[in-house]
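K.L.:
Below are the structure tokens for one structure; questions will follow.
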Amino acid sequence: MTDFKVAPDMLTFGGAFYPKGYMFIMFPLEKDAQQVAAALKKWSDKPEVMHLSPATVLREVGRVDGDTEVDLPAVGTEGATVRKYVQLARQGNCALMIKADSDEVAERVMQEVRKVHFSYGQRYHLLAMEDLE
């Protein structure tokens, strides 16, 4: 598992957070995120799993600096989704960002995620976002 840093290809032309080909899943408990990451490592020798602490979600994804918020792009669903991430991070939720380049990988990830409590999740397709349940 690696630490997270926003890369240019994770943003739209307008600057909205949109990591195509990834799942972004938030967990109220760090131990649950760690359990999922460990399970994913068991079925793939090199799973692309990035860990985001609540502070990282606020700083890197939400562009929040301390108590000051930076204006987020208000483009449709992307802005609302990032605001949800910020809200959950302020409540102490951490996140995993997982490469999921196929429906089979996404379903396998969700089989592990559903074994614990997760608070929110999105899968980023080329032109659409999918709520994860």
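If you're wondering about the labels, chains in the structure tokens are A, B, ... by order shown, residues count from 1 in each chain, ligands from 1 in order shown.
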Could you find all residues in chain A that DSSP calls strand (DSSP E or B) from the backbone, and write them as a ChimeraX atom specification?
P.N.:
/A:2-3,11,17,22-27,49-52,64-65,68-69,94-99,120-124,129-131
K.L.:
Leaving out A:Arg114 and any residue of its chain fewer than 3 positions from it, which residues lie within 10 Å of it when counting only C-alpha atoms, given as number ranges by chain?
P.N.:
A: 36, 109-111, 117-118, 132-133
K.L.:
When DSSP is applied to the backbone of this structure, which of stretch 14-133 of chain A are assigned helix (DSSP H, G or I)? Write them out as a compact mmCIF listing (two decimals) with C-alpha atoms, in the first residue's frame.
P.N.:
# COMPACT_ATOMS: atom_id res chain seq x y z
CA GLU A 30 -8.58 2.60 10.02
CA LYS A 31 -8.51 -1.10 10.95
CA ASP A 32 -11.22 -1.83 8.37
CA ALA A 33 -9.28 -0.05 5.62
CA GLN A 34 -6.16 -2.00 6.62
CA GLN A 35 -8.12 -5.28 6.56
CA VAL A 36 -9.37 -4.61 3.04
CA ALA A 37 -5.90 -3.59 1.82
CA ALA A 38 -4.39 -6.77 3.31
CA ALA A 39 -7.07 -8.95 1.70
CA LEU A 40 -6.48 -7.33 -1.69
CA LYS A 41 -2.77 -7.99 -1.40
CA LYS A 42 -3.51 -11.71 -0.89
CA TRP A 43 -5.17 -12.08 -4.30
CA PRO A 54 -8.32 11.92 6.89
CA ALA A 55 -5.75 14.75 6.70
CA THR A 56 -4.65 13.59 3.24
CA VAL A 57 -8.25 13.49 1.99
CA LEU A 58 -8.76 17.04 3.24
CA ARG A 59 -5.48 18.41 1.87
CA GLU A 60 -5.04 16.52 -1.43
CA VAL A 61 -8.60 15.74 -2.54
CA GLY A 76 -22.00 18.39 -11.44
CA THR A 77 -21.46 15.29 -9.40
CA GLU A 78 -17.70 15.68 -9.01
CA GLY A 79 -17.98 18.71 -6.71
CA ALA A 80 -20.72 17.12 -4.61
CA THR A 81 -18.70 13.92 -4.28
CA VAL A 82 -15.57 15.73 -3.11
CA ARG A 83 -17.65 17.67 -0.59
CA LYS A 84 -18.90 14.31 0.73
CA TYR A 85 -15.29 13.08 1.03
CA VAL A 86 -14.38 16.24 2.96
CA GLN A 87 -17.36 15.85 5.29
CA LEU A 88 -16.41 12.23 6.07
CA ALA A 89 -12.70 13.06 6.47
CA ARG A 90 -13.63 15.73 9.02
CA ASP A 103 -15.76 -5.04 -13.72
CA GLU A 104 -14.27 -8.29 -12.40
CA VAL A 105 -11.62 -6.45 -10.36
CA ALA A 106 -14.22 -3.99 -9.06
CA GLU A 107 -16.51 -6.80 -7.93
CA ARG A 108 -13.66 -8.61 -6.23
CA VAL A 109 -12.70 -5.43 -4.40
CA MET A 110 -16.30 -4.94 -3.29
CA GLN A 111 -16.49 -8.51 -1.99
CA GLU A 112 -13.73 -7.58 0.45
CA VAL A 113 -15.08 -4.11 1.20
K.L.:
Could you tell me how far atom CA of A:Gly121 sits from atom CA of A:Gln91, in Å to one decimal place?
P.N.:
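About the pair atom CA of A:Gln91 and atom CA of A:Gly121: they are 15.6 Å apart.
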K.L.:
Pick out the residues sitting within 7 Å of A:Met23, and hand them over as a VMD selection string; count only C-alpha atoms, and ignore anything fewer than 2 positions along from it in its own chain.
P.N.:
chain A and resid 25 97 to 100 122 to 124
K.L.:
Dump N, CA, C and O atoms for the selected residues as a short mmCIF file (atom, residue, chain, number, x, y, z; two decimals), in the first residue's frame?
P.N.:
data_model
loop_
_atom_site.label_atom_id
_atom_site.label_comp_id
_atom_site.auth_asym_id
_atom_site.auth_seq_id
_atom_site.Cartn_x
_atom_site.Cartn_y
_atom_site.Cartn_z
N ILE A 25 -12.86 4.58 -1.75
CA ILE A 25 -13.75 4.04 -0.72
C ILE A 25 -13.32 4.57 0.64
O ILE A 25 -12.15 4.49 1.01
N MET A 97 -7.81 4.17 -2.23
CA MET A 97 -8.03 4.38 -3.64
C MET A 97 -7.40 3.19 -4.35
O MET A 97 -6.21 2.92 -4.19
N ILE A 98 -8.22 2.46 -5.08
CA ILE A 98 -7.84 1.16 -5.62
C ILE A 98 -8.02 1.16 -7.13
O ILE A 98 -9.08 1.51 -7.64
N LYS A 99 -6.98 0.74 -7.85
CA LYS A 99 -7.06 0.63 -9.31
C LYS A 99 -8.03 -0.50 -9.65
O LYS A 99 -7.90 -1.62 -9.16
N ALA A 100 -9.03 -0.19 -10.46
CA ALA A 100 -10.02 -1.19 -10.86
C ALA A 100 -10.31 -0.98 -12.33
O ALA A 100 -11.22 -0.23 -12.70
N GLN A 122 -17.03 5.39 -4.44
CA GLN A 122 -17.30 5.72 -5.83
C GLN A 122 -16.34 4.94 -6.71
O GLN A 122 -15.19 4.73 -6.34
N ARG A 123 -16.82 4.57 -7.87
CA ARG A 123 -15.96 4.01 -8.90
C ARG A 123 -15.98 4.99 -10.06
O ARG A 123 -17.05 5.38 -10.54
N TYR A 124 -14.81 5.38 -10.51
CA TYR A 124 -14.68 6.38 -11.56
C TYR A 124 -14.45 5.68 -12.90
O TYR A 124 -13.40 5.10 -13.13
#
K.L.:
Could you jot down the atom CA of A:Asn93 to atom CA of A:Ser53 separation for me, Å, one decimal place?
P.N.:
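Separation between atom CA of A:Asn93 and atom CA of A:Ser53: 7.6 Å.
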